[in-house]
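K.L.:
Data file run-v3.pdb (PDB, C-alpha atoms) is appended below.
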MODEL        1
ATOM      1  CA  MET A   1     -24.314 -27.985 -16.900
ATOM      2  CA  GLN A   2     -21.831 -25.574 -15.404
ATOM      3  CA  PRO A   3     -18.518 -25.086 -17.217
ATOM      4  CA  ARG A   4     -15.590 -26.776 -15.645
ATOM      5  CA  PHE A   5     -13.267 -23.819 -15.471
ATOM      6  CA  ALA A   6     -10.812 -25.649 -13.249
ATOM      7  CA  LEU A   7     -10.208 -28.221 -15.974
ATOM      8  CA  THR A   8      -9.932 -25.602 -18.657
ATOM      9  CA  TRP A   9      -7.486 -23.495 -16.606
ATOM     10  CA  PHE A  10      -5.457 -26.569 -15.873
ATOM     11  CA  GLY A  11      -5.316 -27.343 -19.583
ATOM     12  CA  LEU A  12      -4.093 -23.809 -20.282
ATOM     13  CA  THR A  13      -1.377 -23.575 -17.682
ATOM     14  CA  THR A  14      -0.136 -27.139 -17.587
ATOM     15  CA  LEU A  15      -0.220 -28.210 -21.242
ATOM     16  CA  GLY A  16       0.461 -25.048 -23.162
ATOM     17  CA  ALA A  17      -1.126 -27.131 -25.856
ATOM     18  CA  MET A  18      -4.054 -25.190 -27.020
ATOM     19  CA  SER A  19      -5.812 -21.875 -26.860
ATOM     20  CA  LEU A  20      -8.874 -22.394 -24.788
ATOM     21  CA  GLY A  21     -10.224 -18.911 -25.163
ATOM     22  CA  CYS A  22     -13.279 -19.383 -27.366
ATOM     23  CA  PRO A  23     -11.591 -19.597 -30.785
ATOM     24  CA  ALA A  24     -14.227 -18.082 -32.880
ATOM     25  CA  ASP A  25     -13.914 -20.184 -35.753
ATOM     26  CA  ASP A  26     -39.999 -55.939 -79.135
ATOM     27  CA  GLY A  27     -39.243 -59.346 -80.241
ATOM     28  CA  ALA A  28     -43.031 -59.657 -80.206
ATOM     29  CA  THR A  29     -43.389 -57.088 -82.933
ATOM     30  CA  ASP A  30     -41.270 -59.286 -85.236
ATOM     31  CA  GLU A  31     -43.972 -61.888 -85.036
ATOM     32  CA  VAL A  32     -46.610 -59.387 -86.048
ATOM     33  CA  GLY A  33     -44.505 -58.227 -88.935
ATOM     34  CA  GLY A  34     -44.262 -61.796 -90.151
ATOM     35  CA  SER A  35     -48.030 -62.364 -90.049
ATOM     36  CA  GLU A  36     -50.411 -61.390 -92.820
ATOM     37  CA  THR A  37     -52.564 -58.419 -92.236
ATOM     38  CA  GLY A  38     -55.575 -60.614 -92.593
ATOM     39  CA  SER A  39     -54.435 -62.504 -89.533
ATOM     40  CA  THR A  40     -53.474 -59.627 -87.302
ATOM     41  CA  GLU A  41     -54.680 -61.364 -84.201
ATOM     42  CA  THR A  42     -54.905 -58.393 -81.985
ATOM     43  CA  SER A  43     -56.945 -60.377 -79.524
ATOM     44  CA  SER A  44     -54.160 -62.950 -79.181
ATOM     45  CA  THR A  45     -51.429 -60.404 -78.824
ATOM     46  CA  ASP A  46     -52.357 -59.504 -75.320
ATOM     47  CA  SER A  47     -52.295 -55.760 -75.071
ATOM     48  CA  GLY A  48     -51.532 -56.285 -71.407
ATOM     49  CA  SER A  49     -47.991 -56.996 -72.516
ATOM     50  CA  THR A  50     -48.018 -53.468 -73.876
ATOM     51  CA  GLU A  51     -47.275 -54.736 -77.381
ATOM     52  CA  THR A  52     -49.320 -51.988 -78.924
ATOM     53  CA  SER A  53     -47.201 -52.573 -81.991
ATOM     54  CA  SER A  54     -49.578 -55.460 -82.710
ATOM     55  CA  THR A  55     -51.943 -52.829 -83.964
ATOM     56  CA  ASP A  56     -49.084 -51.151 -85.763
ATOM     57  CA  THR A  57     -50.320 -49.999 -89.139
ATOM     58  CA  GLY A  58     -46.783 -50.790 -90.196
ATOM     59  CA  SER A  59     -47.731 -54.418 -89.886
ATOM     60  CA  THR A  60     -50.373 -53.961 -92.576
ATOM     61  CA  ASP A  61     -47.764 -54.660 -95.200
ATOM     62  CA  THR A  62     -48.890 -52.338 -97.966
ATOM     63  CA  GLY A  63     -46.554 -54.236-100.249
ATOM     64  CA  SER A  64     -48.727 -57.280 -99.786
ATOM     65  CA  THR A  65     -52.018 -55.433-100.091
ATOM     66  CA  ASP A  66     -52.317 -56.148-103.779
ATOM     67  CA  THR A  67     -54.123 -53.190-105.211
ATOM     68  CA  GLY A  68     -55.478 -55.524-107.853
ATOM     69  CA  SER A  69     -57.323 -57.396-105.186
ATOM     70  CA  THR A  70     -58.002 -54.230-103.224
ATOM     71  CA  ASP A  71     -58.500 -56.497-100.320
ATOM     72  CA  THR A  72     -58.971 -53.606 -98.004
ATOM     73  CA  ASP A  73     -61.114 -55.738 -95.740
ATOM     74  CA  SER A  74     -57.933 -57.481 -94.589
ATOM     75  CA  THR A  75     -56.605 -54.174 -93.331
ATOM     76  CA  ASP A  76     -59.613 -53.697 -91.209
ATOM     77  CA  THR A  77     -58.922 -50.557 -89.283
ATOM     78  CA  GLY A  78     -61.562 -51.703 -86.889
ATOM     79  CA  SER A  79     -59.076 -54.340 -85.754
ATOM     80  CA  THR A  80     -56.895 -51.581 -84.416
ATOM     81  CA  ASP A  81     -59.364 -51.102 -81.663
ATOM     82  CA  THR A  82     -57.589 -48.939 -79.162
ATOM     83  CA  GLY A  83     -60.119 -50.088 -76.653
ATOM     84  CA  SER A  84     -58.605 -53.555 -76.921
ATOM     85  CA  THR A  85     -55.205 -52.270 -75.893
ATOM     86  CA  ASP A  86     -56.050 -52.624 -72.255
ATOM     87  CA  THR A  87     -53.235 -50.709 -70.652
ATOM     88  CA  THR A  88     -54.417 -51.836 -67.255
ATOM     89  CA  GLY A  89     -52.636 -55.069 -68.053
ATOM     90  CA  THR A  90     -49.354 -53.212 -67.770
ATOM     91  CA  ASP A  91     -50.134 -52.297 -64.159
ATOM     92  CA  THR A  92     -48.177 -49.097 -64.149
ATOM     93  CA  THR A  93     -49.326 -48.517 -60.588
ATOM     94  CA  ASP A  94     -46.448 -50.774 -59.542
ATOM     95  CA  THR A  95     -44.213 -47.725 -59.741
ATOM     96  CA  THR A  96     -45.615 -46.622 -56.410
ATOM     97  CA  ASP A  97     -43.513 -49.351 -54.844
ATOM     98  CA  THR A  98     -40.456 -47.143 -55.355
ATOM     99  CA  GLU A  99     -41.729 -44.397 -53.077
ATOM    100  CA  THR A 100     -39.470 -43.646 -50.142
ATOM    101  CA  THR A 101     -41.836 -41.427 -48.191
ATOM    102  CA  GLY A 102     -43.019 -43.065 -45.023
ATOM    103  CA  VAL A 103     -40.338 -45.754 -45.210
ATOM    104  CA  GLY A 104     -37.040 -45.803 -43.348
ATOM    105  CA  ASP A 105     -35.261 -43.011 -41.547
ATOM    106  CA  PHE A 106     -35.784 -39.300 -42.041
ATOM    107  CA  ALA A 107     -32.503 -37.539 -41.434
ATOM    108  CA  LEU A 108     -30.535 -34.387 -42.043
ATOM    109  CA  ILE A 109     -27.914 -34.966 -44.762
ATOM    110  CA  ALA A 110     -26.543 -31.512 -45.646
ATOM    111  CA  ALA A 111     -26.450 -27.911 -44.457
ATOM    112  CA  GLU A 112     -25.430 -24.677 -46.157
ATOM    113  CA  LEU A 113     -25.322 -20.959 -45.388
ATOM    114  CA  THR A 114     -26.604 -18.721 -48.175
ATOM    115  CA  ASN A 115     -27.711 -15.107 -48.612
ATOM    116  CA  ALA A 116     -24.557 -13.681 -47.061
ATOM    117  CA  ASN A 117     -24.724 -16.124 -44.152
ATOM    118  CA  ALA A 118     -28.224 -14.927 -43.273
ATOM    119  CA  THR A 119     -30.083 -18.075 -44.398
ATOM    120  CA  LEU A 120     -29.481 -21.654 -43.336
ATOM    121  CA  VAL A 121     -30.664 -24.259 -45.861
ATOM    122  CA  LEU A 122     -31.032 -27.800 -44.525
ATOM    123  CA  THR A 123     -31.360 -30.831 -46.819
ATOM    124  CA  PHE A 124     -32.999 -34.065 -45.701
ATOM    125  CA  SER A 125     -33.167 -37.662 -46.872
ATOM    126  CA  ASP A 126     -36.814 -37.298 -47.941
ATOM    127  CA  ALA A 127     -39.343 -34.633 -48.870
ATOM    128  CA  VAL A 128     -40.368 -32.481 -45.925
ATOM    129  CA  ALA A 129     -43.948 -31.974 -44.776
ATOM    130  CA  PRO A 130     -45.181 -28.371 -44.402
ATOM    131  CA  VAL A 131     -43.290 -26.590 -41.631
ATOM    132  CA  ASP A 132     -45.668 -23.639 -41.152
ATOM    133  CA  ALA A 133     -46.343 -24.607 -37.520
ATOM    134  CA  VAL A 134     -42.716 -25.462 -36.644
ATOM    135  CA  ASP A 135     -40.941 -23.049 -34.312
ATOM    136  CA  PRO A 136     -37.713 -21.838 -35.983
ATOM    137  CA  ALA A 137     -36.173 -21.586 -32.513
ATOM    138  CA  ASP A 138     -36.147 -25.391 -32.468
ATOM    139  CA  PHE A 139     -32.948 -24.990 -34.512
ATOM    140  CA  LYS A 140     -29.640 -23.404 -33.571
ATOM    141  CA  ILE A 141     -26.104 -23.075 -34.986
ATOM    142  CA  SER A 142     -22.987 -23.754 -32.945
ATOM    143  CA  TYR A 143     -19.327 -23.054 -33.409
ATOM    144  CA  ALA A 144     -18.160 -26.365 -31.950
ATOM    145  CA  TRP A 145     -14.596 -27.167 -30.967
ATOM    146  CA  THR A 146     -13.040 -30.068 -29.126
ATOM    147  CA  TYR A 147      -9.694 -31.453 -28.044
ATOM    148  CA  SER A 148      -8.187 -34.581 -26.533
ATOM    149  CA  VAL A 149      -4.703 -34.852 -24.999
ATOM    150  CA  MET A 150      -2.875 -37.262 -22.739
ATOM    151  CA  TYR A 151      -0.694 -35.664 -20.081
ATOM    152  CA  LYS A 152      -0.279 -38.029 -17.152
ATOM    153  CA  GLN A 153      -4.006 -38.517 -17.549
ATOM    154  CA  LEU A 154      -6.541 -38.021 -20.368
ATOM    155  CA  TYR A 155      -8.055 -34.590 -20.790
ATOM    156  CA  GLU A 156     -11.026 -34.203 -23.146
ATOM    157  CA  VAL A 157     -13.324 -31.250 -23.698
ATOM    158  CA  SER A 158     -16.063 -30.325 -26.163
ATOM    159  CA  TYR A 159     -17.575 -26.868 -26.505
ATOM    160  CA  TYR A 160     -20.581 -25.374 -28.255
ATOM    161  CA  ILE A 161     -20.316 -21.589 -28.633
ATOM    162  CA  ASP A 162     -22.383 -18.993 -30.454
ATOM    163  CA  PRO A 163     -20.613 -18.283 -33.779
ATOM    164  CA  ASN A 164     -20.687 -14.531 -33.214
ATOM    165  CA  ASN A 165     -19.388 -14.628 -29.658
ATOM    166  CA  ASP A 166     -15.761 -13.776 -30.391
ATOM    167  CA  PHE A 167     -16.743 -10.881 -32.635
ATOM    168  CA  GLY A 168     -18.745  -8.984 -30.070
ATOM    169  CA  GLY A 169     -21.908  -9.480 -32.079
ATOM    170  CA  THR A 170     -25.434 -10.405 -31.198
ATOM    171  CA  PRO A 171     -25.983 -14.163 -30.854
ATOM    172  CA  VAL A 172     -27.354 -15.848 -33.961
ATOM    173  CA  ALA A 173     -31.090 -16.523 -33.741
ATOM    174  CA  MET A 174     -33.493 -18.359 -36.043
ATOM    175  CA  THR A 175     -36.332 -15.984 -36.867
ATOM    176  CA  ALA A 176     -38.347 -17.698 -39.648
ATOM    177  CA  ILE A 177     -38.746 -21.121 -41.260
ATOM    178  CA  ALA A 178     -40.144 -22.210 -44.642
ATOM    179  CA  ASN A 179     -40.172 -25.193 -46.967
ATOM    180  CA  GLY A 180     -37.812 -25.071 -49.917
ATOM    181  CA  PRO A 181     -36.194 -24.246 -52.146
ATOM    182  CA  ASN A 182     -36.464 -27.971 -52.969
ATOM    183  CA  PRO A 183     -39.015 -30.495 -51.642
ATOM    184  CA  ASP A 184     -36.376 -32.108 -49.424
ATOM    185  CA  GLN A 185     -35.197 -28.805 -47.944
ATOM    186  CA  ILE A 186     -36.173 -26.158 -45.428
ATOM    187  CA  SER A 187     -34.806 -22.627 -45.089
ATOM    188  CA  LEU A 188     -34.225 -20.757 -41.833
ATOM    189  CA  ASP A 189     -33.712 -17.000 -41.633
ATOM    190  CA  LEU A 190     -30.948 -15.896 -39.257
ATOM    191  CA  MET A 191     -30.858 -12.616 -37.378
ATOM    192  CA  PRO A 192     -28.128 -11.601 -37.360
ATOM    193  CA  GLY A 193     -26.249 -13.705 -39.876
ATOM    194  CA  VAL A 194     -23.117 -15.668 -39.028
ATOM    195  CA  ASP A 195     -19.997 -13.518 -38.972
ATOM    196  CA  PRO A 196     -17.716 -14.736 -41.810
ATOM    197  CA  GLY A 197     -14.692 -14.330 -39.552
ATOM    198  CA  ILE A 198     -15.648 -17.577 -37.830
ATOM    199  CA  CYS A 199     -14.184 -19.506 -40.761
ATOM    200  CA  THR A 200     -10.720 -18.082 -40.099
ATOM    201  CA  THR A 201     -11.096 -18.912 -36.427
ATOM    202  CA  ILE A 202     -11.947 -22.529 -37.233
ATOM    203  CA  GLN A 203      -8.984 -22.877 -39.577
ATOM    204  CA  ASN A 204      -6.539 -21.340 -37.123
ATOM    205  CA  TYR A 205      -7.712 -23.572 -34.293
ATOM    206  CA  ILE A 206      -7.242 -26.763 -36.302
ATOM    207  CA  GLU A 207      -3.930 -25.779 -37.880
ATOM    208  CA  GLY A 208      -2.524 -24.391 -34.649
ATOM    209  CA  ALA A 209      -2.913 -27.525 -32.544
ATOM    210  CA  ASN A 210       0.252 -28.572 -30.738
ATOM    211  CA  LEU A 211       1.899 -31.947 -31.208
ATOM    212  CA  GLY A 212       0.047 -34.681 -29.363
ATOM    213  CA  VAL A 213      -3.206 -32.758 -29.138
ATOM    214  CA  THR A 214      -6.130 -34.031 -31.202
ATOM    215  CA  VAL A 215      -8.529 -31.252 -32.165
ATOM    216  CA  ASP A 216     -11.507 -30.580 -34.401
ATOM    217  CA  ALA A 217     -13.841 -27.651 -34.983
ATOM    218  CA  GLY A 218     -16.670 -26.518 -37.233
ATOM    219  CA  LEU A 219     -20.102 -24.979 -37.609
ATOM    220  CA  PHE A 220     -22.996 -27.347 -36.988
ATOM    221  CA  PRO A 221     -26.816 -27.218 -37.011
ATOM    222  CA  HIS A 222     -28.667 -28.427 -33.937
ATOM    223  CA  TYR A 223     -32.321 -29.396 -33.492
ATOM    224  CA  SER A 224     -34.578 -30.017 -30.527
ATOM    225  CA  PRO A 225     -38.200 -30.948 -31.422
ATOM    226  CA  GLY A 226     -40.814 -28.560 -30.111
ATOM    227  CA  ALA A 227     -44.584 -28.776 -29.931
ATOM    228  CA  THR A 228     -44.729 -29.322 -33.716
ATOM    229  CA  PRO A 229     -41.801 -31.413 -34.934
ATOM    230  CA  VAL A 230     -40.304 -31.448 -38.391
ATOM    231  CA  THR A 231     -41.549 -34.524 -40.269
ATOM    232  CA  SER A 232     -41.195 -36.111 -43.680
ATOM    233  CA  GLU A 233     -44.139 -36.195 -46.070
ATOM    234  CA  GLY A 234     -44.516 -39.809 -44.971
ATOM    235  CA  GLY A 235     -44.981 -38.733 -41.351
ATOM    236  CA  ILE A 236     -41.595 -39.658 -39.900
ATOM    237  CA  ASP A 237     -40.305 -37.317 -37.199
ATOM    238  CA  LEU A 238     -36.854 -35.801 -37.408
ATOM    239  CA  LEU A 239     -34.839 -37.009 -34.420
ATOM    240  CA  PRO A 240     -33.010 -34.567 -32.121
ATOM    241  CA  ILE A 241     -29.565 -33.387 -33.219
ATOM    242  CA  GLY A 242     -27.401 -32.204 -30.326
ATOM    243  CA  PRO A 243     -30.507 -30.832 -28.583
ATOM    244  CA  GLU A 244     -28.745 -29.576 -25.446
ATOM    245  CA  TRP A 245     -27.333 -26.616 -27.344
ATOM    246  CA  VAL A 246     -30.824 -25.582 -28.458
ATOM    247  CA  GLU A 247     -32.230 -25.910 -24.974
ATOM    248  CA  VAL A 248     -29.543 -24.054 -23.019
ATOM    249  CA  ASP A 249     -29.930 -20.327 -22.499
ATOM    250  CA  SER A 250     -26.250 -19.438 -22.706
ATOM    251  CA  TYR A 251     -23.632 -18.376 -25.221
ATOM    252  CA  TYR A 252     -21.635 -21.562 -24.579
ATOM    253  CA  LEU A 253     -21.945 -25.147 -23.352
ATOM    254  CA  GLN A 254     -19.140 -27.478 -22.221
ATOM    255  CA  PHE A 255     -18.866 -31.267 -21.960
ATOM    256  CA  ASP A 256     -15.914 -33.224 -20.585
ATOM    257  CA  VAL A 257     -15.877 -35.608 -23.541
ATOM    258  CA  PHE A 258     -14.253 -35.525 -26.971
ATOM    259  CA  HIS A 259     -15.921 -34.788 -30.320
ATOM    260  CA  TRP A 260     -19.516 -34.015 -29.333
ATOM    261  CA  PRO A 261     -20.893 -37.590 -28.984
ATOM    262  CA  ASN A 262     -24.512 -36.458 -28.718
ATOM    263  CA  LEU A 263     -24.320 -34.428 -31.939
ATOM    264  CA  ASP A 264     -25.711 -37.076 -34.300
ATOM    265  CA  PRO A 265     -25.536 -36.763 -37.199
ATOM    266  CA  GLN A 266     -22.613 -34.369 -37.327
ATOM    267  CA  ILE A 267     -23.371 -32.329 -40.463
ATOM    268  CA  PRO A 268     -20.815 -29.536 -40.844
ATOM    269  CA  ILE A 269     -21.845 -26.246 -42.424
ATOM    270  CA  PRO A 270     -19.177 -25.351 -45.036
ATOM    271  CA  CYS A 271     -17.455 -22.030 -44.631
ATOM    272  CA  ASN A 272     -18.037 -19.472 -47.392
TER
ENDMDL
END
What is this file in structure tokens?
P.N.:
Amino acid sequence: MQPRFALTWFGLTTLGAMSLGCPADDGATDEVGGSETGSTETSSTDSGSTETSSTDTGSTDTGSTDTGSTDTDSTDTGSTDTGSTDTTGTDTTDTTDTETTGVGDFALIAAELTNANATLVLTFSDAVAPVDAVDPADFKISYAWTYSVMYKQLYEVSYYIDPNNDFGGTPVAMTAIANGPNPDQISLDLMPGVDPGICTTIQNYIEGANLGVTVDAGLFPHYSPGATPVTSEGGIDLLPIGPEWVEVDSYYLQFDVFHWPNLDPQIPIPCN
């Protein structure tokens, strides 16, 4: 899409409202205790209820095992047959019902620049499948800014710009991708890293907006699926996130709408 310079120039000269130059910015165990050791009915105390305390040697009340009678037969250790404590009755496999992989949406939920702005760490709503075959160029960072103002008619613009554009630097490129550091994260190496001056640019643009002009700005990750998409361990594909910015071969992209409607979800990258 070609930039609409006429609109931008009109906004500059007519409104004086913004700078449009790219601003680079066990109850059951009680029962056992009350029964004589001679009647420790381990077969009746269904081990499936996981009351292994029914075989509790504490229930063989040594106070009642009269040494005069030395009725050791009543404390038959054979009755504590661990084989009878059939743990399969507890059906611990039910815990697999709590798994989230393969169920529901798989989405980006957080983004962060680390390693002196040379690594982008993305966090997702579920564990990520191996990304060895994913092209890192399927991702891209934008310095995005937008405004909306009414002056006889409504003027709205949204821009995506390379974060290093206003600093005369080389555009930021994604050069490598890997899983981690956590199971629900991936890391992308940037070359070069994001110039830290962009944070000042973002702040100045927001704080310098004129009365009646609604503005916003920030750093955002974008994603356009390639031949091998990013997926969750459950096999759910990650949906595109503002893919036009990834696909365009330019240092900027303009839309005559407010607040980047196709950037969904909008996950800002905090400034360091």
K.L.:
Given the file shown, determine the residues that the PyMOL selection byres ((chain A and resi 192-207) around 8) selects; report them as a list of chain:residue names.
P.N.:
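With the shown file as input, the PyMOL selection byres ((chain A and resi 192-207) around 8) matches A:Ser19, A:Pro23, A:Ala24, A:Asp25, A:Ala116, A:Asn117, A:Ala118, A:Thr119, A:Tyr143, A:Pro163, A:Asn164, A:Phe167, A:Thr170, A:Pro171, A:Val172, A:Ala173, A:Leu190, A:Met191, A:Gly208, A:Ala209, A:Val215, A:Asp216, A:Ala217, A:Gly218, A:Cys271, A:Asn272.
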K.L.:
Using C-alpha atoms, can you write the selected residues to a file as a compact mmCIF listing (two decimals), in the coordinates of the input?
P.N.:
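Generated output (result.txt):
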# COMPACT_ATOMS: atom_id res chain seq x y z
CA SER A 19 -5.81 -21.88 -26.86
CA PRO A 23 -11.59 -19.60 -30.78
CA ALA A 24 -14.23 -18.08 -32.88
CA ASP A 25 -13.91 -20.18 -35.75
CA ALA A 116 -24.56 -13.68 -47.06
CA ASN A 117 -24.72 -16.12 -44.15
CA ALA A 118 -28.22 -14.93 -43.27
CA THR A 119 -30.08 -18.08 -44.40
CA TYR A 143 -19.33 -23.05 -33.41
CA PRO A 163 -20.61 -18.28 -33.78
CA ASN A 164 -20.69 -14.53 -33.21
CA PHE A 167 -16.74 -10.88 -32.64
CA THR A 170 -25.43 -10.40 -31.20
CA PRO A 171 -25.98 -14.16 -30.85
CA VAL A 172 -27.35 -15.85 -33.96
CA ALA A 173 -31.09 -16.52 -33.74
CA LEU A 190 -30.95 -15.90 -39.26
CA MET A 191 -30.86 -12.62 -37.38
CA GLY A 208 -2.52 -24.39 -34.65
CA ALA A 209 -2.91 -27.52 -32.54
CA VAL A 215 -8.53 -31.25 -32.16
CA ASP A 216 -11.51 -30.58 -34.40
CA ALA A 217 -13.84 -27.65 -34.98
CA GLY A 218 -16.67 -26.52 -37.23
CA CYS A 271 -17.45 -22.03 -44.63
CA ASN A 272 -18.04 -19.47 -47.39
K.L.:
What does the distance between atom CA of A:Ser224 and atom CA of A:Asp138 come to in Å, to one decimal place?
P.N.:
5.3 Å
K.L.:
Could you tell me how far atom CA of A:Ser187 lies from atom CA of A:Gln254, in Å and to one decimal?
P.N.:
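Distance between the two atoms: 28.1 Å.
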K.L.:
I'd like the residues picked by the PyMOL selection byres ((chain A and resi 226-235) around 12) written out as a compact mmCIF listing (two decimals) with C-alpha atoms, keeping the file's coordinate frame, using the chain letters and numbers from the file.
P.N.:
# COMPACT_ATOMS: atom_id res chain seq x y z
CA GLU A 99 -41.73 -44.40 -53.08
CA THR A 100 -39.47 -43.65 -50.14
CA THR A 101 -41.84 -41.43 -48.19
CA GLY A 102 -43.02 -43.06 -45.02
CA VAL A 103 -40.34 -45.75 -45.21
CA GLY A 104 -37.04 -45.80 -43.35
CA ASP A 105 -35.26 -43.01 -41.55
CA PHE A 106 -35.78 -39.30 -42.04
CA ALA A 107 -32.50 -37.54 -41.43
CA LEU A 108 -30.54 -34.39 -42.04
CA LEU A 122 -31.03 -27.80 -44.52
CA THR A 123 -31.36 -30.83 -46.82
CA PHE A 124 -33.00 -34.06 -45.70
CA SER A 125 -33.17 -37.66 -46.87
CA ASP A 126 -36.81 -37.30 -47.94
CA ALA A 127 -39.34 -34.63 -48.87
CA VAL A 128 -40.37 -32.48 -45.92
CA ALA A 129 -43.95 -31.97 -44.78
CA PRO A 130 -45.18 -28.37 -44.40
CA VAL A 131 -43.29 -26.59 -41.63
CA ASP A 132 -45.67 -23.64 -41.15
CA ALA A 133 -46.34 -24.61 -37.52
CA VAL A 134 -42.72 -25.46 -36.64
CA ASP A 135 -40.94 -23.05 -34.31
CA PRO A 136 -37.71 -21.84 -35.98
CA ALA A 137 -36.17 -21.59 -32.51
CA ASP A 138 -36.15 -25.39 -32.47
CA PHE A 139 -32.95 -24.99 -34.51
CA ILE A 177 -38.75 -21.12 -41.26
CA ALA A 178 -40.14 -22.21 -44.64
CA ASN A 179 -40.17 -25.19 -46.97
CA PRO A 183 -39.02 -30.50 -51.64
CA ASP A 184 -36.38 -32.11 -49.42
CA GLN A 185 -35.20 -28.80 -47.94
CA ILE A 186 -36.17 -26.16 -45.43
CA TYR A 223 -32.32 -29.40 -33.49
CA SER A 224 -34.58 -30.02 -30.53
CA PRO A 225 -38.20 -30.95 -31.42
CA ILE A 236 -41.60 -39.66 -39.90
CA ASP A 237 -40.30 -37.32 -37.20
CA LEU A 238 -36.85 -35.80 -37.41
CA LEU A 239 -34.84 -37.01 -34.42
CA PRO A 240 -33.01 -34.57 -32.12
CA PRO A 243 -30.51 -30.83 -28.58
CA VAL A 246 -30.82 -25.58 -28.46
CA GLU A 247 -32.23 -25.91 -24.97
K.L.:
Which is closer to A:Asp256 than all the others in A:Met150, A:Leu113, A:Glu156, A:Ala144, using only C-alpha atoms?
P.N.:
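Ranked by minimum distance to A:Asp256, first place goes to A:Glu156.
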K.L.:
Between atom CA of A:Thr214 and atom CA of A:Trp260, what distance in Å does the model show, to one decimal?
P.N.:
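Interatomic distance here is 13.5 Å.
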K.L.:
When you count only C-alpha atoms, which of these residues is closest to A:Asp166: A:Phe258, A:Ala111, A:Val149, A:Tyr252?
P.N.:
A:Tyr252
